[in-house]
>>> print(open('model.tsv').read())   # TSV, C-alpha atoms
chain	number	residue	atom	x	y	z
J	1	MET	CA	0.00	0.00	0.00
J	2	SER	CA	2.91	2.34	0.61
J	3	THR	CA	3.90	2.12	-3.06
J	4	ILE	CA	0.37	2.97	-4.20
J	5	ALA	CA	0.20	5.94	-1.84
J	6	ALA	CA	3.62	7.15	-3.03
J	7	ILE	CA	2.57	6.90	-6.68
J	8	ILE	CA	-0.54	8.99	-6.01
J	9	LEU	CA	1.52	11.54	-4.08
J	10	PHE	CA	4.15	11.94	-6.78
J	11	THR	CA	1.52	12.08	-9.52
J	12	THR	CA	0.02	15.14	-7.85
J	13	VAL	CA	3.50	16.65	-7.35
J	14	ILE	CA	4.20	16.23	-11.07
J	15	ALA	CA	0.82	17.74	-12.00
J	16	TYR	CA	1.42	20.77	-9.81
J	17	THR	CA	4.98	21.16	-11.07
J	18	VAL	CA	3.79	21.24	-14.68
J	19	PHE	CA	0.57	23.24	-14.44
J	20	GLY	CA	1.39	25.35	-11.40
J	21	GLY	CA	4.98	25.75	-12.56
J	22	ALA	CA	3.90	27.13	-15.93
J	23	ASP	CA	1.50	29.45	-14.11
J	24	PHE	CA	4.24	30.78	-11.83
J	25	GLY	CA	6.62	30.97	-14.78
J	26	ALA	CA	4.22	33.29	-16.58
J	27	GLY	CA	4.45	35.59	-13.57
J	28	PHE	CA	8.25	35.45	-13.85
J	29	TRP	CA	8.05	36.74	-17.43
J	30	ASP	CA	5.56	39.38	-16.26
J	31	LEU	CA	8.24	40.55	-13.81
J	32	MET	CA	10.91	40.55	-16.53
J	33	ALA	CA	8.77	42.28	-19.17
J	34	GLY	CA	10.00	45.77	-18.28
J	35	GLY	CA	8.15	49.04	-17.79
J	36	ALA	CA	4.49	49.70	-18.43
J	37	LYS	CA	4.93	50.66	-22.08
J	38	ARG	CA	7.57	48.12	-23.09
J	39	GLY	CA	5.92	45.28	-21.22
J	40	GLU	CA	2.33	45.98	-22.23
J	41	ARG	CA	2.07	43.46	-25.06
J	42	PRO	CA	3.83	40.55	-23.32
J	43	ARG	CA	1.67	41.13	-20.25
J	44	ARG	CA	-1.47	41.13	-22.36
J	45	VAL	CA	-0.48	37.73	-23.78
J	46	ILE	CA	0.29	36.45	-20.28
J	47	ASP	CA	-3.02	37.69	-18.87
J	48	HIS	CA	-4.92	36.23	-21.80
J	49	SER	CA	-3.16	32.89	-21.35
J	50	ILE	CA	-3.48	32.32	-17.61
J	51	GLY	CA	-6.57	34.37	-16.79
J	52	PRO	CA	-9.18	31.60	-17.11
J	53	VAL	CA	-7.14	28.83	-15.45
J	54	TRP	CA	-4.70	30.27	-12.90
J	55	GLU	CA	-6.74	29.41	-9.79
J	56	ALA	CA	-7.53	25.86	-10.86
J	57	ASN	CA	-3.86	24.85	-10.82
J	58	HIS	CA	-3.72	24.98	-7.01
J	59	VAL	CA	-6.06	22.01	-6.80
J	60	TRP	CA	-3.00	19.82	-7.27
J	61	LEU	CA	-1.13	21.44	-4.38
J	62	ILE	CA	-4.10	20.97	-2.05
J	63	PHE	CA	-4.49	17.34	-3.08
J	64	CYS	CA	-0.75	16.79	-2.59
J	65	PHE	CA	-0.90	18.05	1.01
J	66	VAL	CA	-4.01	15.99	1.72
J	67	VAL	CA	-2.35	12.79	0.46
J	68	LEU	CA	0.87	13.50	2.39
J	69	TRP	CA	-1.00	14.31	5.60
J	70	THR	CA	-3.36	11.34	5.33
J	71	CYS	CA	-1.07	8.61	4.01
J	72	PHE	CA	2.26	9.64	5.58
J	73	PRO	CA	1.34	11.55	8.78
J	74	GLU	CA	4.73	11.21	10.44
J	75	ALA	CA	6.51	12.63	7.41
J	76	TYR	CA	3.92	15.39	7.14
J	77	ALA	CA	4.49	16.37	10.78
J	78	SER	CA	8.27	16.43	10.36
J	79	ILE	CA	8.13	18.42	7.12
J	80	THR	CA	5.71	21.07	8.37
J	81	LEU	CA	7.43	21.47	11.75
J	82	THR	CA	10.88	21.78	10.21
J	83	LEU	CA	10.01	23.79	7.11
J	84	PHE	CA	7.27	26.04	8.45
J	85	VAL	CA	9.18	29.18	7.36
J	86	PRO	CA	9.36	28.47	3.58
J	87	LEU	CA	5.89	26.87	3.65
J	88	THR	CA	4.45	29.99	5.33
J	89	LEU	CA	6.21	32.24	2.84
J	90	ALA	CA	4.84	30.14	-0.02
J	91	ALA	CA	1.30	30.29	1.37
J	92	ALA	CA	1.52	34.06	1.82
J	93	GLY	CA	2.92	34.38	-1.69
J	94	ILE	CA	0.05	32.40	-3.19
J	95	VAL	CA	-2.47	34.68	-1.47
J	96	LEU	CA	-0.66	37.87	-2.49
J	97	ARG	CA	-0.21	36.58	-6.02
J	98	GLY	CA	-3.89	35.84	-6.43
J	99	ALA	CA	-4.89	39.19	-4.94
J	100	GLY	CA	-2.41	41.05	-7.13
J	101	PHE	CA	-3.58	39.32	-10.31
J	102	ALA	CA	-7.26	39.94	-9.58
J	103	PHE	CA	-7.00	43.51	-8.31
J	104	ARG	CA	-4.71	44.83	-11.00
J	105	HIS	CA	-7.55	44.24	-13.46
J	106	ALA	CA	-10.07	45.99	-11.23
J	107	VAL	CA	-8.31	49.22	-10.26
J	108	PHE	CA	-8.39	52.30	-12.45
J	109	GLN	CA	-5.13	54.18	-11.86
J	110	THR	CA	-1.87	53.13	-13.46
J	111	ARG	CA	-0.04	53.53	-10.15
J	112	ASP	CA	-2.37	51.04	-8.44
J	113	ARG	CA	-2.05	48.60	-11.33
J	114	ARG	CA	1.71	48.69	-10.95
J	115	VAL	CA	1.49	48.00	-7.21
J	116	PHE	CA	-0.78	44.98	-7.61
J	117	GLY	CA	1.21	43.84	-10.63
J	118	ALA	CA	4.34	43.89	-8.47
J	119	PHE	CA	2.60	41.67	-5.90
J	120	PHE	CA	1.67	39.22	-8.65
J	121	ALA	CA	5.09	39.14	-10.31
J	122	THR	CA	7.32	38.99	-7.21
J	123	SER	CA	5.11	36.34	-5.59
J	124	SER	CA	5.40	34.30	-8.79
J	125	VAL	CA	9.12	33.99	-8.04
J	126	LEU	CA	8.88	33.68	-4.26
J	127	VAL	CA	6.42	30.77	-4.21
J	128	PRO	CA	8.24	28.33	-6.54
J	129	PHE	CA	11.58	29.18	-4.92
J	130	CYS	CA	10.24	28.34	-1.47
J	131	LEU	CA	8.60	25.13	-2.66
J	132	GLY	CA	11.78	24.13	-4.46
J	133	ALA	CA	13.73	24.83	-1.28
J	134	VAL	CA	11.34	22.54	0.60
J	135	ALA	CA	11.98	19.79	-1.93
J	136	GLY	CA	15.73	20.34	-1.58
J	137	ALA	CA	15.52	20.11	2.21
J	138	ILE	CA	13.65	16.81	2.00
J	139	ALA	CA	15.93	15.36	-0.68
J	140	SER	CA	19.12	16.27	1.20
J	141	GLY	CA	17.96	14.54	4.39
J	142	ARG	CA	17.62	17.67	6.51
J	143	VAL	CA	14.12	16.79	7.74
J	144	PRO	CA	14.29	14.40	10.73
J	145	ALA	CA	11.91	11.49	11.21
J	146	GLY	CA	9.59	10.91	14.16
J	147	GLY	CA	7.42	13.98	13.70
J	148	GLN	CA	10.22	16.11	15.14
J	149	ALA	CA	11.25	19.62	14.16
J	150	GLY	CA	14.64	20.10	12.57
J	151	ASP	CA	16.67	23.26	12.07
J	152	PRO	CA	14.14	25.94	10.97
J	153	ILE	CA	16.79	27.93	9.07
J	154	GLY	CA	19.56	25.59	7.97
J	155	SER	CA	17.04	23.03	6.74
J	156	TRP	CA	16.07	25.22	3.78
J	157	ILE	CA	18.95	27.68	3.47
J	158	ASN	CA	21.64	25.33	2.20
J	159	PRO	CA	23.20	24.48	-1.19
J	160	THR	CA	20.70	21.76	-2.17
J	161	SER	CA	17.65	23.80	-1.17
J	162	ILE	CA	18.91	26.86	-3.02
J	163	LEU	CA	19.54	24.64	-6.05
J	164	GLY	CA	16.00	23.29	-5.74
J	165	GLY	CA	14.56	26.79	-5.53
J	166	VAL	CA	16.47	28.04	-8.56
J	167	LEU	CA	15.49	24.95	-10.57
J	168	ALA	CA	11.82	25.42	-9.60
J	169	VAL	CA	11.83	29.04	-10.77
J	170	GLY	CA	13.81	28.25	-13.92
J	171	THR	CA	11.84	25.21	-15.06
J	172	GLY	CA	8.61	27.14	-14.50
J	173	ALA	CA	9.96	29.99	-16.63
J	174	PHE	CA	10.97	27.53	-19.37
J	175	LEU	CA	7.57	25.83	-19.35
J	176	ALA	CA	5.71	29.14	-19.34
J	177	ALA	CA	7.70	30.60	-22.22
J	178	THR	CA	7.13	27.43	-24.27
J	179	PHE	CA	3.40	27.52	-23.56
J	180	LEU	CA	3.22	31.26	-24.27
J	181	VAL	CA	4.80	30.71	-27.69
J	182	TRP	CA	1.82	28.53	-28.51
J	183	ASP	CA	-0.68	31.03	-27.10
J	184	ALA	CA	0.89	33.97	-28.94
J	185	ARG	CA	0.71	31.97	-32.17
J	186	ARG	CA	-2.93	31.14	-31.45
J	187	LEU	CA	-3.61	34.86	-31.03
J	188	ASP	CA	-1.83	35.74	-34.31
J	189	GLU	CA	0.82	37.72	-32.45
J	190	ALA	CA	3.92	36.98	-34.54
J	191	PRO	CA	6.22	39.40	-32.65
J	192	MET	CA	5.20	37.81	-29.34
J	193	VAL	CA	5.83	34.32	-30.75
J	194	GLU	CA	9.44	35.26	-31.36
J	195	TYR	CA	9.62	37.17	-28.07
J	196	PHE	CA	8.67	34.16	-25.98
J	197	ARG	CA	10.57	31.70	-28.18
J	198	ARG	CA	13.82	33.53	-27.43
J	199	ARG	CA	13.03	33.51	-23.74
J	200	ALA	CA	12.24	29.80	-23.77
J	201	VAL	CA	15.64	29.12	-25.34
J	202	ARG	CA	17.43	31.33	-22.81
J	203	ALA	CA	15.61	29.72	-19.88
J	204	ALA	CA	16.49	26.23	-21.14
J	205	MET	CA	20.14	27.14	-21.56
J	206	ALA	CA	20.24	28.70	-18.11
J	207	MET	CA	18.71	25.59	-16.58
J	208	GLY	CA	21.28	23.47	-18.38
J	209	VAL	CA	24.07	25.44	-16.73
J	210	VAL	CA	22.36	25.27	-13.33
J	211	SER	CA	21.92	21.52	-13.70
J	212	LEU	CA	25.60	21.03	-14.48
J	213	VAL	CA	26.56	23.02	-11.39
J	214	GLY	CA	23.93	21.06	-9.46
J	215	ILE	CA	25.77	17.79	-10.13
J	216	PHE	CA	28.66	18.96	-7.97
J	217	ILE	CA	26.34	20.41	-5.32
J	218	LEU	CA	24.40	17.17	-4.95
J	219	ARG	CA	27.54	15.07	-4.88
J	220	GLU	CA	28.81	17.03	-1.87
J	221	ASP	CA	25.58	17.97	-0.11
J	222	ALA	CA	23.01	15.24	-0.90
J	223	GLU	CA	24.92	12.01	-1.36
J	224	TYR	CA	21.96	9.64	-1.21
J	225	LEU	CA	20.02	11.62	-3.82
J	226	PHE	CA	23.11	11.89	-6.02
J	227	GLY	CA	23.66	8.15	-5.81
J	228	GLY	CA	20.04	7.50	-6.80
J	229	LEU	CA	20.15	9.92	-9.72
J	230	THR	CA	23.30	8.28	-11.09
J	231	SER	CA	21.91	4.75	-10.79
J	232	ARG	CA	18.19	3.88	-10.76
J	233	GLY	CA	17.15	7.43	-11.65
J	234	LEU	CA	19.64	7.83	-14.49
J	235	PRO	CA	17.17	6.89	-17.29
J	236	LEU	CA	14.86	9.67	-16.12
J	237	VAL	CA	17.73	12.16	-15.99
J	238	ILE	CA	18.59	11.24	-19.57
J	239	SER	CA	14.91	11.54	-20.52
J	240	ALA	CA	14.80	15.05	-19.07
J	241	VAL	CA	17.86	16.07	-21.09
J	242	VAL	CA	16.43	14.55	-24.27
J	243	GLY	CA	13.05	16.20	-23.68
J	244	GLY	CA	14.57	19.62	-23.09
J	245	THR	CA	16.79	19.31	-26.17
J	246	ALA	CA	13.83	18.16	-28.27
J	247	ALA	CA	11.79	21.14	-27.07
J	248	LEU	CA	14.52	23.53	-28.20
J	249	LEU	CA	14.80	21.87	-31.61
J	250	LEU	CA	11.03	21.93	-32.08
J	251	LEU	CA	10.88	25.59	-31.10
J	252	HIS	CA	13.59	26.31	-33.67
J	253	ARG	CA	11.54	24.48	-36.30
J	254	GLN	CA	8.38	26.31	-35.17
J	255	SER	CA	6.67	23.08	-34.17
J	256	HIS	CA	5.07	24.73	-31.18
J	257	ARG	CA	2.66	21.97	-30.18
J	258	GLY	CA	5.46	19.40	-30.15
J	259	ALA	CA	7.71	21.78	-28.20
J	260	ARG	CA	5.03	22.16	-25.55
J	261	LEU	CA	4.71	18.39	-25.14
J	262	ALA	CA	8.49	17.88	-25.06
J	263	ALA	CA	8.97	20.59	-22.44
J	264	THR	CA	6.22	19.08	-20.30
J	265	ALA	CA	7.81	15.63	-20.56
J	266	ALA	CA	11.24	17.01	-19.62
J	267	VAL	CA	9.97	18.73	-16.46
J	268	ALA	CA	7.88	15.70	-15.47
J	269	ALA	CA	10.97	13.49	-15.86
J	270	ILE	CA	12.93	15.76	-13.51
J	271	VAL	CA	10.34	15.41	-10.73
J	272	LEU	CA	9.89	11.70	-11.30
J	273	GLY	CA	13.66	11.27	-11.25
J	274	TRP	CA	13.73	12.87	-7.80
J	275	GLY	CA	11.15	10.38	-6.54
J	276	VAL	CA	12.91	7.37	-8.01
J	277	ALA	CA	16.32	8.55	-6.77
J	278	GLN	CA	15.27	8.70	-3.13
J	279	TRP	CA	13.21	5.47	-3.25
J	280	ASP	CA	12.27	3.83	-0.91
J	281	TYR	CA	12.65	6.69	1.51
J	282	ILE	CA	10.15	9.47	1.98
J	283	LEU	CA	12.69	11.24	4.23
J	284	PRO	CA	16.18	10.15	3.18
J	285	GLU	CA	17.80	8.38	5.01
J	286	SER	CA	15.69	8.25	8.13
J	287	LEU	CA	12.12	7.25	7.21
J	288	THR	CA	11.08	4.66	4.64
J	289	LEU	CA	7.74	4.64	2.88
J	290	GLU	CA	6.81	1.35	4.52
J	291	ALA	CA	7.53	2.69	8.01
J	292	ALA	CA	5.70	5.98	7.42
J	293	VAL	CA	2.55	4.79	5.64
J	294	ALA	CA	-0.83	4.99	7.35
J	295	PRO	CA	-3.07	1.92	7.93
J	296	ASP	CA	-4.42	0.15	4.85
J	297	GLY	CA	-7.95	1.46	5.38
J	298	THR	CA	-6.76	5.05	5.19
J	299	VAL	CA	-4.77	4.43	2.02
J	300	ILE	CA	-7.75	2.66	0.44
J	301	ALA	CA	-9.90	5.72	1.16
J	302	ILE	CA	-7.32	7.91	-0.60
J	303	VAL	CA	-7.23	5.52	-3.56
J	304	VAL	CA	-11.02	5.79	-3.85
J	305	ALA	CA	-10.81	9.60	-3.62
J	306	ALA	CA	-8.14	9.64	-6.31
J	307	GLY	CA	-10.31	7.46	-8.52
J	308	LEU	CA	-13.22	9.87	-8.08
J	309	ALA	CA	-10.90	12.75	-8.95
J	310	VAL	CA	-9.97	10.99	-12.19
J	311	VAL	CA	-13.65	10.52	-13.03
J	312	PHE	CA	-14.89	14.00	-12.12
J	313	ILE	CA	-12.02	16.48	-11.85
J	314	LEU	CA	-9.85	15.53	-14.82
J	315	PRO	CA	-12.71	15.88	-17.35
J	316	ALA	CA	-13.53	19.27	-15.83
J	317	PHE	CA	-9.91	20.36	-16.25
J	318	ALA	CA	-9.88	19.08	-19.81
J	319	LEU	CA	-13.06	21.02	-20.60
J	320	LEU	CA	-11.68	24.17	-18.99
J	321	PHE	CA	-8.47	24.06	-21.02
J	322	ARG	CA	-10.38	23.17	-24.17
J	323	LEU	CA	-12.68	26.16	-23.78
J	324	ASP	CA	-9.69	28.38	-23.07
J	325	GLN	CA	-7.80	27.17	-26.15
J	326	ARG	CA	-10.84	27.79	-28.33
J	327	GLY	CA	-11.26	31.31	-26.94
J	328	PHE	CA	-14.68	30.69	-25.42
J	329	LEU	CA	-13.75	32.08	-21.99
J	330	PRO	CA	-13.71	35.82	-21.20
J	331	GLU	CA	-10.48	37.58	-20.37
J	332	GLU	CA	-9.70	38.40	-16.76
J	333	GLY	CA	-11.47	41.57	-15.70
J	334	ALA	CA	-12.84	42.40	-19.17
J	335	ASP	CA	-16.28	42.49	-20.70
J	336	ASP	CA	-16.99	39.69	-23.12
J	337	THR	CA	-17.15	41.84	-26.25
J	338	PRO	CA	-15.24	41.26	-29.47
J	339	ALA	CA	-13.45	44.63	-29.28
J	340	GLU	CA	-12.12	44.05	-25.83
J	341	ARG	CA	-11.22	40.43	-26.41
J	342	ARG	CA	-8.87	41.35	-29.23
J	343	LEU	CA	-5.28	41.39	-28.06
J	344	ASP	CA	-4.43	44.36	-30.25
J	345	SER	CA	-7.33	46.50	-29.03
J	346	PRO	CA	-6.55	49.40	-26.67
J	347	LEU	CA	-7.20	49.01	-22.98
J	348	PRO	CA	-10.74	50.09	-22.09
J	349	ALA	CA	-11.11	53.51	-20.57
J	350	VAL	CA	-13.05	52.05	-17.67
J	351	THR	CA	-12.43	48.52	-16.54
J	352	LYS	CA	-15.41	46.66	-15.17
J	353	PRO	CA	-14.57	45.92	-11.51
J	354	PHE	CA	-14.35	42.22	-10.91
J	355	GLY	CA	-15.71	41.43	-14.33
J	356	ARG	CA	-16.58	37.93	-15.39
J	357	SER	CA	-13.63	35.81	-14.45
J	358	SER	CA	-12.66	32.31	-13.54
J	359	GLU	CA	-12.68	32.90	-9.82
J	360	GLN	CA	-16.36	33.88	-9.65
>>> encode(input="model.tsv", output="structure tokens")
Amino acid sequence: MSTIAAIILFTTVIAYTVFGGADFGAGFWDLMAGGAKRGERPRRVIDHSIGPVWEANHVWLIFCFVVLWTCFPEAYASITLTLFVPLTLAAAGIVLRGAGFAFRHAVFQTRDRRVFGAFFATSSVLVPFCLGAVAGAIASGRVPAGGQAGDPIGSWINPTSILGGVLAVGTGAFLAATFLVWDARRLDEAPMVEYFRRRAVRAAMAMGVVSLVGIFILREDAEYLFGGLTSRGLPLVISAVVGGTAALLLLHRQSHRGARLAATAAVAAIVLGWGVAQWDYILPESLTLEAAVAPDGTVIAIVVAAGLAVVFILPAFALLFRLDQRGFLPEEGADDTPAERRLDSPLPAVTKPFGRSSEQ
């Protein structure tokens, strides 16, 4: 039963890394877009892309915490007691990010839009960094077993955690840029296609450099994880490299749909490689999955809940993304009129406060 519970847990982690990571990555490019005038068009593409779906991505994070808490309570206690600082920062960032994204479409003055936009953009970097630092703390064995609290500072401010945070921000930026290439193409925005294509290439190259440096960091600071990545996890590491390289080649050839799939596969392989590398520990090298798992009845209940999620939630997600891709959903904070839905139309003189949006 421990294996089944672990598979469900890591499936939700992968889902959140891909969908939530791309969402946070879009906020990273919002932050890097420049001033109000220079960054107007990229931000319009970003808002159009994530507006209908940004809240839904956090379903995976909630489900991940529920599975961890229910199926591996001892590990959950140790993780939350030790890493309460980055987890609190991440939670605050998610709230500020959502508020910033919603309110910047509801306020009227440019100054206020900039303030709320800054909340959205900076939180889009803070949250994935903190979550990546949490993953690095777990992977490097800095979270003790037994439901005990470890070092509240050194557990997440260390070489492996910093590496995890940088990788989380960078892979999200790479995913987002790849996805935004597709969305810009769908919106007939040729300049923005090239704009985000260049940024996807730069993000991938940067992550390649970070990954090479990370080899030496993990060898010195997370020996068990390094050993797993160079043995049983090696095929997944190779898959991630192949997927990232394929995404770059497909972007160069303007095969945007294929690039999106290859980038998704590459990021998923990275997360899955982490799970395989530290198998069969949930807290290396102090707590195994078998020792941490809850009673069979509890795990069975989670399996049933996961099955219901597959039946009811996944089709809803598929429908949501399908409607978004076909342009049937209104933009965030805008009236559903053809003039305002056009990307090249000027901003309305008066924005409808809390217009029809995905969060209502």
>>> atom_distance(input="model.tsv", atom1="atom CA of Gly136 of chain J", atom2="atom CA of Glu223 of chain J")
12.4 Å
>>> closest_atom_pairs(input="model.tsv", of="segment 162-242 of chain J", to="segment 9-30 of chain J", cutoff="7 Å", atoms="all atoms listed in the file", output="JSON lines")
{"residue": "J:Val169", "atom": "CA", "partner": "J:Gly25", "partner_atom": "CA", "distance": 6.9}
{"residue": "J:Gly172", "atom": "CA", "partner": "J:Gly25", "partner_atom": "CA", "distance": 4.3}
{"residue": "J:Ala173", "atom": "CA", "partner": "J:Gly25", "partner_atom": "CA", "distance": 3.9}
{"residue": "J:Leu175", "atom": "CA", "partner": "J:Ala22", "partner_atom": "CA", "distance": 5.2}
{"residue": "J:Ala176", "atom": "CA", "partner": "J:Ala22", "partner_atom": "CA", "distance": 4.4}
>>> write_last_selection(input="model.tsv", atoms="C-alpha atoms", output="PDB file, in the coordinates of the input")
ATOM      1  CA  VAL J 169      11.830  29.040 -10.770  1.00  0.00           C
ATOM      2  CA  GLY J 172       8.610  27.140 -14.500  1.00  0.00           C
ATOM      3  CA  ALA J 173       9.960  29.990 -16.630  1.00  0.00           C
ATOM      4  CA  LEU J 175       7.570  25.830 -19.350  1.00  0.00           C
ATOM      5  CA  ALA J 176       5.710  29.140 -19.340  1.00  0.00           C
TER       6      ALA J 176
END
>>> atom_distance(input="model.tsv", atom1="atom CA of Leu126 of chain J", atom2="atom CA of Val67 of chain J")
24.2 Å
>>> closest_residue(input="model.tsv", among="J:Leu83, J:Ala90, J:Ala118, J:Ala222", to="Ile153 of chain J", atoms="all atoms listed in the file")
J:Leu83
>>> closest_residue(input="model.tsv", among="J:Ala177, J:Ile313, J:Val115, J:Ile8", to="Thr264 of chain J", atoms="all atoms listed in the file")
J:Ala177
>>> atom_distance(input="model.tsv", atom1="atom CA of Phe63 of chain J", atom2="atom CA of Val242 of chain J")
29.9 Å
>>> residues_around(input="model.tsv", residues="Ala247 of chain J", least_positions_apart="3", cutoff="8 Å", atoms="only C-alpha atoms", output="tab-separated table (two decimals) with C-alpha atoms, keeping the file's coordinate frame")
chain	number	residue	atom	x	y	z
J	243	GLY	CA	13.05	16.20	-23.68
J	244	GLY	CA	14.57	19.62	-23.09
J	250	LEU	CA	11.03	21.93	-32.08
J	251	LEU	CA	10.88	25.59	-31.10
J	258	GLY	CA	5.46	19.40	-30.15
J	259	ALA	CA	7.71	21.78	-28.20
J	260	ARG	CA	5.03	22.16	-25.55
J	261	LEU	CA	4.71	18.39	-25.14
J	262	ALA	CA	8.49	17.88	-25.06
J	263	ALA	CA	8.97	20.59	-22.44
>>> residues_around(input="model.tsv", residues="Gly132 of chain J", least_positions_apart="3", cutoff="9 Å", atoms="only C-alpha atoms", output="list in words")
Val127, Pro128, Phe129, Ala135, Gly136, Ala137, Ser161, Ile162, Leu163, Gly164, Gly165, Val166, Leu167, Ala168 and Val169 of chain J
>>> closest_residue(input="model.tsv", among="J:Gly297, J:Gly141, J:Pro159, J:Pro191", to="Ile217 of chain J", atoms="all atoms listed in the file")
J:Pro159
>>> closest_residue(input="model.tsv", among="J:Leu31, J:Ser49, J:Ile157, J:Thr230", to="Leu187 of chain J", atoms="all atoms listed in the file")
J:Ser49
>>> residues_near_point(input="model.tsv", point="(12.6, 30.5, -23.8)", cutoff="9 Å", atoms="only C-alpha atoms", output="list in words")
Ala173, Phe174, Leu175, Ala176, Ala177, Thr178, Val181, Tyr195, Phe196, Arg197, Arg198, Arg199, Ala200, Val201, Arg202, Ala203, Ala204, Met205, Leu248 and Leu251 of chain J
>>> residues_around(input="model.tsv", residues="Ala91 of chain J", least_positions_apart="4", cutoff="12 Å", atoms="all atoms listed in the file", output="list in words")
His58, Leu61, Ile62, Phe84, Val85, Pro86, Leu87, Val95, Leu96, Arg97, Gly98, Ser123, Ser124, Leu126, Val127, Pro128, Cys130 and Leu131 of chain J
>>> write_last_selection(input="model.tsv", atoms="C-alpha atoms", output="tab-separated table (two decimals), in the coordinates of the input")
chain	number	residue	atom	x	y	z
J	58	HIS	CA	-3.72	24.98	-7.01
J	61	LEU	CA	-1.13	21.44	-4.38
J	62	ILE	CA	-4.10	20.97	-2.05
J	84	PHE	CA	7.27	26.04	8.45
J	85	VAL	CA	9.18	29.18	7.36
J	86	PRO	CA	9.36	28.47	3.58
J	87	LEU	CA	5.89	26.87	3.65
J	95	VAL	CA	-2.47	34.68	-1.47
J	96	LEU	CA	-0.66	37.87	-2.49
J	97	ARG	CA	-0.21	36.58	-6.02
J	98	GLY	CA	-3.89	35.84	-6.43
J	123	SER	CA	5.11	36.34	-5.59
J	124	SER	CA	5.40	34.30	-8.79
J	126	LEU	CA	8.88	33.68	-4.26
J	127	VAL	CA	6.42	30.77	-4.21
J	128	PRO	CA	8.24	28.33	-6.54
J	130	CYS	CA	10.24	28.34	-1.47
J	131	LEU	CA	8.60	25.13	-2.66
